[in-house]
>>> print(open('data.tsv').read())   # TSV, C-alpha atoms
chain	number	residue	atom	x	y	z
A	1	MET	CA	66.88	114.82	114.23
A	2	GLN	CA	68.91	113.27	111.46
A	3	GLN	CA	72.15	114.91	110.48
A	4	ASP	CA	72.29	116.64	107.14
A	5	ILE	CA	74.26	114.93	104.43
A	6	PRO	CA	76.87	117.45	103.21
A	7	GLY	CA	76.29	118.78	99.70
A	8	THR	CA	72.91	117.08	99.51
A	9	THR	CA	69.38	118.49	99.54
A	10	LEU	CA	66.75	115.80	100.07
A	11	PHE	CA	63.78	116.52	97.83
A	12	ASP	CA	61.21	116.37	100.62
A	13	GLY	CA	57.88	118.04	101.29
A	14	ASP	CA	59.48	121.42	102.02
A	15	GLN	CA	61.44	121.38	98.78
A	16	ALA	CA	58.47	120.02	96.83
A	17	ARG	CA	56.25	122.86	98.05
A	18	LYS	CA	58.88	125.48	97.46
A	19	GLY	CA	59.80	124.26	94.00
A	20	PHE	CA	56.36	123.47	92.62
A	21	ALA	CA	56.15	126.24	89.99
A	22	LEU	CA	59.72	125.74	88.80
A	23	ASN	CA	59.35	121.96	88.56
A	24	ARG	CA	56.00	122.34	86.82
A	25	MET	CA	57.61	124.56	84.21
A	26	CYS	CA	60.40	122.02	83.71
A	27	PHE	CA	57.83	119.22	83.44
A	28	SER	CA	56.32	121.12	80.50
A	29	PHE	CA	59.64	120.71	78.65
A	30	ASN	CA	58.70	117.12	77.82
A	31	SER	CA	57.09	118.78	74.80
A	32	ALA	CA	59.27	120.06	71.94
A	33	GLU	CA	56.75	122.82	71.30
A	34	ASN	CA	57.12	124.09	74.87
A	35	ARG	CA	60.91	123.93	74.68
A	36	ALA	CA	60.75	126.13	71.58
A	37	ALA	CA	58.33	128.52	73.30
A	38	PHE	CA	60.75	128.89	76.23
A	39	LEU	CA	63.64	129.70	73.90
A	40	LYS	CA	61.55	132.20	72.00
A	41	ASP	CA	60.36	134.15	75.05
A	42	GLU	CA	61.99	133.03	78.30
A	43	ASP	CA	60.55	135.83	80.43
A	44	GLY	CA	57.02	135.29	79.17
A	45	TYR	CA	57.29	131.54	79.59
A	46	CYS	CA	58.53	131.82	83.20
A	47	ARG	CA	55.77	134.32	83.97
A	48	LYS	CA	53.16	131.91	82.63
A	49	PHE	CA	54.27	129.32	85.20
A	50	GLY	CA	54.35	131.83	88.05
A	51	LEU	CA	57.97	131.33	89.04
A	52	THR	CA	59.01	133.09	92.24
A	53	GLU	CA	61.62	135.84	92.01
A	54	GLU	CA	64.22	133.48	93.41
A	55	GLN	CA	63.33	130.82	90.84
A	56	ARG	CA	63.31	133.30	87.97
A	57	ALA	CA	66.76	134.63	88.98
A	58	ALA	CA	68.10	131.08	89.32
A	59	VAL	CA	66.85	130.10	85.86
A	60	LYS	CA	68.20	133.32	84.37
A	61	SER	CA	71.64	132.72	85.86
A	62	ARG	CA	71.60	129.04	84.68
A	63	ASN	CA	72.93	128.21	88.13
A	64	VAL	CA	71.93	124.67	89.13
A	65	LEU	CA	72.71	125.05	92.85
A	66	ALA	CA	70.54	128.18	92.94
A	67	MET	CA	67.73	126.30	91.20
A	68	ILE	CA	67.98	123.51	93.79
A	69	ALA	CA	67.93	126.09	96.58
A	70	ALA	CA	64.74	127.42	94.98
A	71	GLY	CA	63.13	123.97	95.20
A	72	GLY	CA	64.13	122.49	91.85
A	73	ASN	CA	64.28	118.72	91.54
A	74	VAL	CA	67.22	117.48	89.50
A	75	TYR	CA	65.17	115.18	87.25
A	76	TYR	CA	63.06	118.18	86.23
A	77	LEU	CA	66.05	120.56	86.03
A	78	ALA	CA	67.68	118.07	83.65
A	79	LYS	CA	64.83	118.70	81.21
A	80	LEU	CA	65.64	122.43	81.32
A	81	ALA	CA	69.35	121.64	80.89
A	82	GLY	CA	68.45	119.54	77.85
A	83	ILE	CA	67.19	122.67	76.10
A	84	PHE	CA	70.73	124.02	76.22
A	85	GLY	CA	72.23	120.69	75.20
A	86	LEU	CA	73.75	120.13	78.63
A	87	ASN	CA	74.01	116.64	80.16
A	88	VAL	CA	74.47	115.48	83.75
A	89	GLN	CA	78.26	115.72	83.55
A	90	ASP	CA	77.90	119.38	82.58
A	91	LEU	CA	75.54	119.86	85.55
A	92	GLY	CA	77.92	117.97	87.84
A	93	ALA	CA	80.88	120.09	86.80
A	94	GLN	CA	78.98	123.31	87.35
A	95	GLN	CA	77.73	122.27	90.79
A	96	THR	CA	81.13	121.09	91.99
A	97	GLY	CA	83.06	124.01	90.51
A	98	THR	CA	85.23	121.91	88.22
A	99	THR	CA	85.68	121.58	84.48
A	100	VAL	CA	83.69	118.86	82.73
A	101	GLU	CA	86.96	116.97	82.12
A	102	GLU	CA	87.84	117.13	85.83
A	103	PHE	CA	84.36	115.96	86.76
A	104	LYS	CA	84.58	113.00	84.38
A	105	GLU	CA	87.98	112.14	85.80
A	106	LYS	CA	86.52	112.17	89.31
A	107	LEU	CA	83.84	109.70	88.18
A	108	ALA	CA	86.39	107.43	86.54
A	109	ALA	CA	88.60	107.60	89.63
A	110	ALA	CA	85.73	106.25	91.75
A	111	GLY	CA	86.06	102.98	89.83
A	112	ARG	CA	89.76	102.53	90.48
B	1	MET	CA	50.37	77.73	87.08
B	2	ALA	CA	52.64	80.67	86.40
B	3	LYS	CA	56.29	80.16	87.24
B	4	ILE	CA	58.85	82.74	88.37
B	5	ILE	CA	62.06	81.97	86.50
B	6	GLY	CA	64.31	84.68	87.91
B	7	GLY	CA	65.19	88.32	87.79
B	8	VAL	CA	67.36	90.82	85.99
B	9	ALA	CA	68.47	94.06	87.60
B	10	THR	CA	70.14	96.77	85.59
B	11	THR	CA	71.10	100.41	85.52
B	12	HIS	CA	68.79	102.51	83.30
B	13	VAL	CA	70.77	105.76	82.70
B	14	PRO	CA	69.20	107.80	79.81
B	15	SER	CA	72.50	108.18	77.94
B	16	ILE	CA	72.48	104.39	77.36
B	17	GLY	CA	69.52	105.04	75.03
B	18	LYS	CA	71.58	107.57	73.14
B	19	ALA	CA	74.55	105.20	72.91
B	20	ILE	CA	72.28	102.49	71.46
B	21	ALA	CA	70.78	104.91	68.92
B	22	GLU	CA	74.29	105.93	67.87
B	23	HIS	CA	75.57	102.29	67.76
B	24	LYS	CA	78.30	102.96	70.30
B	25	GLN	CA	78.09	99.55	72.01
B	26	ASN	CA	81.69	98.71	71.09
B	27	ASP	CA	83.24	102.08	71.89
B	28	PRO	CA	85.86	101.77	74.65
B	29	TYR	CA	83.68	103.88	76.98
B	30	TRP	CA	80.56	101.75	76.50
B	31	LYS	CA	81.87	98.26	75.86
B	32	PRO	CA	82.48	97.31	79.53
B	33	PHE	CA	78.79	97.97	80.18
B	34	PHE	CA	77.22	96.46	77.05
B	35	LYS	CA	79.33	93.29	77.13
B	36	GLY	CA	77.69	92.57	80.49
B	37	PHE	CA	74.54	91.78	78.52
B	38	ASP	CA	75.98	88.84	76.57
B	39	TYR	CA	75.11	86.51	79.43
B	40	VAL	CA	71.70	88.15	79.88
B	41	HIS	CA	70.90	87.44	76.21
B	42	TYR	CA	72.01	83.82	76.61
B	43	TRP	CA	69.93	83.43	79.77
B	44	LEU	CA	66.80	84.98	78.24
B	45	ALA	CA	67.12	82.80	75.10
B	46	ARG	CA	67.34	79.75	77.35
B	47	GLU	CA	64.64	80.69	79.85
B	48	LYS	CA	62.13	82.13	77.35
B	49	PRO	CA	59.99	84.31	79.63
B	50	ASP	CA	56.45	85.22	78.49
B	51	VAL	CA	55.98	88.16	80.83
B	52	ALA	CA	58.25	90.59	82.66
B	53	VAL	CA	57.10	92.35	85.82
B	54	VAL	CA	59.18	95.53	85.81
B	55	PHE	CA	59.89	97.57	88.96
B	56	SER	CA	61.15	101.06	88.12
B	57	ASN	CA	60.77	104.71	89.02
B	58	ASP	CA	59.26	107.42	86.84
B	59	HIS	CA	61.37	110.54	86.22
B	60	GLY	CA	58.64	113.04	85.36
B	61	LEU	CA	57.01	111.48	82.31
B	62	ASN	CA	53.90	109.72	83.62
B	63	PHE	CA	53.78	111.24	87.09
B	64	PHE	CA	54.37	114.86	87.97
B	65	LEU	CA	54.84	116.02	91.57
B	66	ASP	CA	51.16	117.00	91.81
B	67	LYS	CA	50.13	113.39	92.37
B	68	MET	CA	52.90	111.05	93.40
B	69	PRO	CA	51.89	107.49	94.24
B	70	THR	CA	54.30	105.53	96.41
B	71	PHE	CA	53.48	102.35	94.46
B	72	ALA	CA	51.58	102.29	91.16
B	73	VAL	CA	50.73	99.21	89.12
B	74	GLY	CA	50.10	99.40	85.38
B	75	ALA	CA	46.99	97.62	84.07
B	76	ALA	CA	47.09	98.62	80.41
B	77	ALA	CA	47.10	96.58	77.21
B	78	GLU	CA	49.90	98.77	75.89
B	79	TYR	CA	52.48	101.13	77.39
B	80	LYS	CA	53.72	104.05	75.34
B	81	ASN	CA	56.88	106.08	75.79
B	82	GLU	CA	57.02	109.78	74.90
B	83	ASP	CA	59.51	112.63	74.63
B	84	GLU	CA	61.18	112.98	78.04
B	85	GLY	CA	62.83	116.29	77.22
B	86	TRP	CA	66.48	115.25	77.47
B	87	GLY	CA	67.09	114.22	73.91
B	88	ILE	CA	66.88	110.44	73.91
B	89	PRO	CA	64.93	108.75	71.11
B	90	VAL	CA	61.28	107.86	71.83
B	91	SER	CA	60.90	104.11	72.13
B	92	ARG	CA	58.23	101.96	70.53
B	93	ALA	CA	55.31	100.86	72.73
B	94	ILE	CA	55.42	97.72	74.88
B	95	ALA	CA	52.54	95.23	75.14
B	96	GLY	CA	50.92	94.75	78.53
B	97	ASP	CA	49.10	91.84	80.16
B	98	PRO	CA	46.09	93.48	81.85
B	99	LYS	CA	44.72	90.19	83.15
B	100	LEU	CA	47.92	89.45	85.07
B	101	SER	CA	48.09	93.11	86.16
B	102	TRP	CA	44.66	92.90	87.78
B	103	HIS	CA	45.55	89.63	89.46
B	104	ILE	CA	48.65	91.30	90.94
B	105	ILE	CA	46.59	94.37	91.94
B	106	ASN	CA	43.98	92.19	93.66
B	107	THR	CA	46.64	90.26	95.56
B	108	LEU	CA	48.53	93.39	96.60
B	109	VAL	CA	45.43	95.09	97.98
B	110	ALA	CA	44.35	91.88	99.73
B	111	ASP	CA	47.86	91.89	101.27
B	112	GLU	CA	47.19	95.47	102.49
B	113	PHE	CA	49.37	97.32	99.98
B	114	ASP	CA	47.33	100.43	99.14
B	115	ILE	CA	48.60	100.84	95.60
B	116	THR	CA	47.50	103.11	92.76
B	117	MET	CA	45.98	101.35	89.74
B	118	CYS	CA	46.78	102.74	86.30
B	119	GLN	CA	44.78	101.74	83.24
B	120	GLU	CA	46.90	104.20	81.32
B	121	MET	CA	50.57	104.66	82.05
B	122	LEU	CA	53.45	106.08	80.07
B	123	VAL	CA	56.72	104.26	80.67
B	124	ASP	CA	59.97	106.22	80.60
B	125	HIS	CA	63.60	105.26	79.97
B	126	ALA	CA	63.64	103.33	83.26
B	127	VAL	CA	61.51	100.70	81.48
B	128	THR	CA	62.38	101.13	77.80
B	129	ILE	CA	66.18	101.08	78.19
B	130	PRO	CA	66.29	97.82	80.17
B	131	MET	CA	63.89	96.29	77.61
B	132	THR	CA	66.15	97.39	74.75
B	133	LEU	CA	69.25	96.15	76.56
B	134	MET	CA	67.67	92.74	77.17
B	135	TRP	CA	66.24	92.36	73.67
B	136	PRO	CA	68.23	94.61	71.33
B	137	GLY	CA	66.93	95.38	67.88
B	138	GLU	CA	64.11	92.90	67.70
B	139	LYS	CA	60.49	92.60	68.63
B	140	TRP	CA	60.08	92.28	72.38
B	141	PRO	CA	59.06	88.68	73.06
B	142	VAL	CA	57.42	89.49	76.41
B	143	LYS	CA	54.47	91.44	77.70
B	144	ILE	CA	55.05	93.59	80.75
B	145	VAL	CA	53.43	94.56	84.03
B	146	PRO	CA	55.13	97.82	85.08
B	147	ILE	CA	55.19	98.69	88.77
B	148	SER	CA	56.36	102.18	89.62
B	149	ILE	CA	58.01	102.98	92.96
B	150	ASN	CA	58.44	106.59	94.07
B	151	THR	CA	62.16	107.29	94.42
B	152	VAL	CA	61.83	110.99	93.63
B	153	GLN	CA	59.79	112.87	96.24
B	154	HIS	CA	60.54	112.06	99.89
B	155	PRO	CA	59.28	110.41	102.02
B	156	LEU	CA	60.14	107.26	100.07
B	157	PRO	CA	59.04	103.76	101.04
B	158	SER	CA	61.60	101.82	103.09
B	159	LEU	CA	63.76	98.99	101.78
B	160	LYS	CA	61.81	96.66	104.04
B	161	ARG	CA	58.52	97.78	102.53
B	162	CYS	CA	59.79	97.35	98.97
B	163	LEU	CA	61.05	93.85	99.76
B	164	ALA	CA	57.60	93.03	101.17
B	165	LEU	CA	55.89	94.53	98.13
B	166	GLY	CA	57.99	92.29	95.91
B	167	ARG	CA	57.11	89.25	98.01
B	168	SER	CA	53.42	89.99	97.61
B	169	VAL	CA	53.88	90.30	93.84
B	170	GLY	CA	55.71	86.96	93.91
B	171	ARG	CA	52.79	85.31	95.73
B	172	ALA	CA	50.40	86.81	93.18
B	173	ILE	CA	52.34	85.34	90.28
B	174	GLN	CA	52.59	81.94	91.95
B	175	SER	CA	48.82	81.81	92.37
B	176	TYR	CA	48.12	82.83	88.76
B	177	PRO	CA	46.43	79.93	86.98
B	178	GLU	CA	47.96	80.39	83.52
B	179	ASN	CA	51.10	78.57	82.45
B	180	LEU	CA	53.29	81.62	82.07
B	181	ARG	CA	57.03	81.92	82.53
B	182	VAL	CA	57.47	85.16	84.43
B	183	MET	CA	60.67	87.12	84.95
B	184	ILE	CA	61.10	90.06	87.30
B	185	VAL	CA	63.07	93.18	86.42
B	186	GLY	CA	64.42	95.84	88.79
B	187	THR	CA	65.93	98.94	87.22
B	188	GLY	CA	68.13	101.87	88.22
B	189	GLY	CA	71.15	102.41	90.44
B	190	LEU	CA	73.61	101.66	91.61
B	191	SER	CA	75.33	104.46	93.56
B	192	HIS	CA	75.09	107.92	92.01
B	193	GLN	CA	74.22	111.50	92.81
B	194	LEU	CA	73.27	114.09	90.20
B	195	ASP	CA	72.48	117.09	92.41
B	196	GLY	CA	74.24	119.36	94.84
B	197	LYS	CA	77.86	119.92	95.73
B	198	ARG	CA	78.12	116.17	96.27
B	199	ALA	CA	77.27	115.48	92.60
B	200	GLY	CA	79.41	112.70	91.19
B	201	PHE	CA	79.38	110.70	94.43
B	202	ILE	CA	79.91	106.97	93.81
B	203	ASN	CA	80.50	104.27	96.45
B	204	LYS	CA	82.01	101.11	95.00
B	205	GLU	CA	82.37	99.36	98.33
B	206	PHE	CA	78.72	99.86	99.27
B	207	ASP	CA	77.51	98.79	95.81
B	208	GLN	CA	79.50	95.60	96.17
B	209	LEU	CA	77.97	94.95	99.58
B	210	CYS	CA	74.48	95.44	98.09
B	211	MET	CA	75.12	92.98	95.29
B	212	ASP	CA	76.75	90.49	97.66
B	213	LYS	CA	73.71	90.51	99.93
B	214	LEU	CA	70.95	90.73	97.32
B	215	ALA	CA	70.58	87.06	96.36
B	216	GLY	CA	71.13	85.30	99.68
B	217	GLU	CA	70.45	87.83	102.41
B	218	PRO	CA	68.27	90.72	101.20
B	219	GLU	CA	66.97	91.29	104.76
B	220	PHE	CA	70.46	92.50	105.70
B	221	LEU	CA	69.89	95.57	103.52
B	222	THR	CA	66.64	96.52	105.29
B	223	ARG	CA	68.72	97.78	108.26
B	224	TYR	CA	69.47	100.93	106.25
B	225	SER	CA	67.03	103.83	106.43
B	226	ILE	CA	66.40	105.92	103.30
B	227	HIS	CA	68.55	108.63	104.89
B	228	ASP	CA	71.36	106.09	105.37
B	229	TRP	CA	70.90	104.98	101.78
B	230	VAL	CA	71.28	108.52	100.41
B	231	GLU	CA	74.43	108.88	102.47
B	232	GLU	CA	75.93	105.56	101.36
B	233	SER	CA	74.66	105.36	97.80
B	234	GLY	CA	73.97	108.97	96.74
B	235	ALA	CA	70.73	110.89	96.32
B	236	GLN	CA	69.68	108.83	93.29
B	237	GLY	CA	71.16	105.58	94.60
B	238	VAL	CA	67.74	105.12	96.22
B	239	GLU	CA	66.66	103.58	92.91
B	240	PHE	CA	67.91	100.39	94.56
B	241	LEU	CA	64.37	100.18	95.96
B	242	ASN	CA	63.44	98.72	92.56
B	243	TRP	CA	66.10	96.05	92.98
B	244	MET	CA	64.77	95.19	96.45
B	245	ALA	CA	61.23	94.74	95.13
B	246	MET	CA	62.55	92.56	92.28
B	247	ARG	CA	64.42	90.40	94.79
B	248	GLY	CA	61.33	90.11	96.97
B	249	ALA	CA	59.31	88.72	94.06
B	250	LEU	CA	61.74	85.79	93.73
B	251	THR	CA	60.04	83.52	96.23
B	252	GLY	CA	62.10	80.33	95.83
B	253	GLN	CA	65.77	79.45	96.22
B	254	VAL	CA	67.69	82.34	94.69
B	255	ARG	CA	71.23	82.45	93.38
B	256	GLU	CA	73.21	85.00	91.44
B	257	VAL	CA	74.25	83.60	88.06
B	258	HIS	CA	75.70	86.77	86.54
B	259	ARG	CA	77.10	90.11	87.65
B	260	ASN	CA	78.67	92.98	85.75
B	261	TYR	CA	79.80	96.16	87.47
B	262	HIS	CA	81.47	99.12	85.85
B	263	ILE	CA	82.28	102.72	86.84
B	264	PRO	CA	81.30	105.09	85.33
B	265	ILE	CA	78.43	105.17	82.88
B	266	SER	CA	77.35	108.78	82.80
B	267	ASN	CA	77.43	109.78	86.51
B	268	THR	CA	76.57	106.30	87.68
B	269	ALA	CA	78.11	103.07	88.92
B	270	ALA	CA	76.54	100.75	86.35
B	271	ALA	CA	75.52	97.24	87.33
B	272	THR	CA	73.73	94.31	85.76
B	273	VAL	CA	72.79	91.22	87.75
B	274	VAL	CA	70.89	88.03	86.88
B	275	LEU	CA	69.29	86.05	89.69
B	276	GLU	CA	67.89	82.59	89.12
B	277	ASN	CA	64.84	81.45	91.06
B	278	ARG	CA	64.18	77.79	91.77
B	279	GLU	CA	60.81	77.05	93.22
B	280	GLU	CA	60.21	74.52	95.98
B	281	ALA	CA	58.67	71.87	93.71
B	282	GLU	CA	61.62	72.00	91.31
B	283	ARG	CA	64.08	71.67	94.15
B	284	LYS	CA	62.33	68.55	95.41
B	285	ALA	CA	62.18	67.07	91.91
B	286	ALA	CA	65.87	67.75	91.30
>>> encode(input="data.tsv", output="structure tokens")
Amino acid sequence: MQQDIPGTTLFDGDQARKGFALNRMCFSFNSAENRAAFLKDEDGYCRKFGLTEEQRAAVKSRNVLAMIAAGGNVYYLAKLAGIFGLNVQDLGAQQTGTTVEEFKEKLAAAGR
Amino acid sequence: MAKIIGGVATTHVPSIGKAIAEHKQNDPYWKPFFKGFDYVHYWLAREKPDVAVVFSNDHGLNFFLDKMPTFAVGAAAEYKNEDEGWGIPVSRAIAGDPKLSWHIINTLVADEFDITMCQEMLVDHAVTIPMTLMWPGEKWPVKIVPISINTVQHPLPSLKRCLALGRSVGRAIQSYPENLRVMIVGTGGLSHQLDGKRAGFINKEFDQLCMDKLAGEPEFLTRYSIHDWVEESGAQGVEFLNWMAMRGALTGQVREVHRNYHIPISNTAAATVVLENREEAERKAA
């Protein structure tokens, strides 16, 4: 058995099965029309994709770690984040419990 | 016969597309990355490729998780880009070379690579951004053959397998009867992680090792499992599989002629490398 990598969830078969409905909903956000439909009626839109309770709560709370725990894949979650104008530094800051400025500083520090 | 002139590997982060659209190439944040393309432009103007075989990974534009091919080869006359949902401008379409695509497909399957064949394929930022970086603001002078490698849904193919895939593509090109100058492109990487409490992970030392080994000793890198790679390079650092396949397709004497490395671009250690390929016959003639 391989050791887990701290702070990392490999998107494997278990995650893919678990997250299918959530990721499928996020996949639909490639379309501007669907992004607008989500904003107009979030509950209805989530229902249409059959999100689990856990997934629905995670989306509602806008909590990325909770969405990953519910099977979300980050490339698909980034499409959801895009609806709120959030980029991957915003996601990074939220997941690591820092401000966006602190997160950016951490990235820059990795180059020094 | 077709000739493999060399390869370009580059990061393909979506925000680069935004920076281009907003003309930010000379901003202090972006300049260290974009200036790394001056040599690439010089090299492409000198080498004049006709076709680019592009190894990249789809991020949920053409493939959803319902059907996820490990390796998929495009065989279309044209490749369109569409809205990817994260606010980068939609790119113009890129011309394909279906005849070369089918030759590559036939060779790969004969070599026992059980690939997926795609007569229609959308290409995402992992193809369009490198194209725009290589040929900014003009008509693209090359046709492409896109080859998609799954780096999203585990299990992923090994580094060894991707190197072998590239080698088979290289053999296909070398046996292609038309006088084409073919370049190989590998996109994505280097180290980065977008998800989890480890988001923001970057490993400069490991990236440098990868680049140091790529031209002369790519086999060295096949000792790492995908699990090792995630640990050393971050969850999305596995995009290096595209670089391995690119390197595999360079079947002659390979040397690095350009390297640019800069941290960070978005959440990523950004890298651009040009490898030159000299085939056996040329070496003898020289």
>>> interface_residues(input="data.tsv", of="chain B", to="chain A", cutoff="7 Å", atoms="all atoms listed in the file", output="number ranges by chain")
B: 59-60, 83-87, 153-155, 194-200, 202, 204, 231, 263-264, 267
>>> closest_residue(input="data.tsv", among="A:Ala37, A:Ala70, A:Val100, A:Ala57", to="Leu22 (chain A)", atoms="only C-alpha atoms")
A:Ala70
>>> residues_near_point(input="data.tsv", point="(69.4, 94.1, 101.0)", cutoff="7 Å", atoms="only C-alpha atoms", output="VMD selection string")
chain B and resid 210 213 to 214 217 to 222 244
>>> closest_residue(input="data.tsv", among="B:Val40, B:Cys118, B:Ile173, B:Met1", to="Arg259 (chain B)", atoms="all atoms listed in the file")
B:Val40
>>> residues_around(input="data.tsv", residues="Lys3 (chain B)", least_positions_apart="3", cutoff="8 Å", atoms="only C-alpha atoms", output="PyMOL selection string")
chain B and resi 173-174+179-182
>>> atom_distance(input="data.tsv", atom1="CA of Gly96 (chain B)", atom2="CA of Pro157 (chain B)")
25.6 Å
>>> residues_near_point(input="data.tsv", point="(60.5, 85.4, 81.6)", cutoff="8 Å", atoms="all atoms listed in the file", output="VMD selection string")
chain B and resid 4 to 6 44 47 to 52 142 181 to 184
>>> atom_distance(input="data.tsv", atom1="CA of Gly188 (chain B)", atom2="CA of Ala9 (chain B)")
7.8 Å
>>> closest_residue(input="data.tsv", among="B:Arg278, B:Arg171, B:Lys18, B:His262", to="Ile88 (chain B)", atoms="only C-alpha atoms")
B:Lys18
>>> closest_residue(input="data.tsv", among="B:Thr70, B:Asn26, B:Ser168, B:Thr251", to="Asp111 (chain B)", atoms="all atoms listed in the file")
B:Ser168
>>> residues_around(input="data.tsv", residues="Asp97 (chain B)", least_positions_apart="4", cutoff="7 Å", atoms="only C-alpha atoms", output="mmCIF file with C-alpha atoms, in the frame of the given file")
data_model
loop_
_atom_site.group_PDB
_atom_site.id
_atom_site.type_symbol
_atom_site.label_atom_id
_atom_site.label_comp_id
_atom_site.auth_asym_id
_atom_site.auth_seq_id
_atom_site.Cartn_x
_atom_site.Cartn_y
_atom_site.Cartn_z
ATOM 1 C CA ALA B 77 47.100 96.580 77.210
ATOM 2 C CA SER B 101 48.090 93.110 86.160
ATOM 3 C CA LYS B 143 54.470 91.440 77.700
ATOM 4 C CA ILE B 144 55.050 93.590 80.750
ATOM 5 C CA VAL B 145 53.430 94.560 84.030
#
>>> closest_residue(input="data.tsv", among="B:Pro130, B:Gly166, B:Pro89, B:Gly248", to="Thr272 (chain B)", atoms="all atoms listed in the file")
B:Pro130
>>> closest_residue(input="data.tsv", among="B:Leu241, B:Leu133, B:Leu108, B:Leu61", to="Gln25 (chain B)", atoms="all atoms listed in the file")
B:Leu133
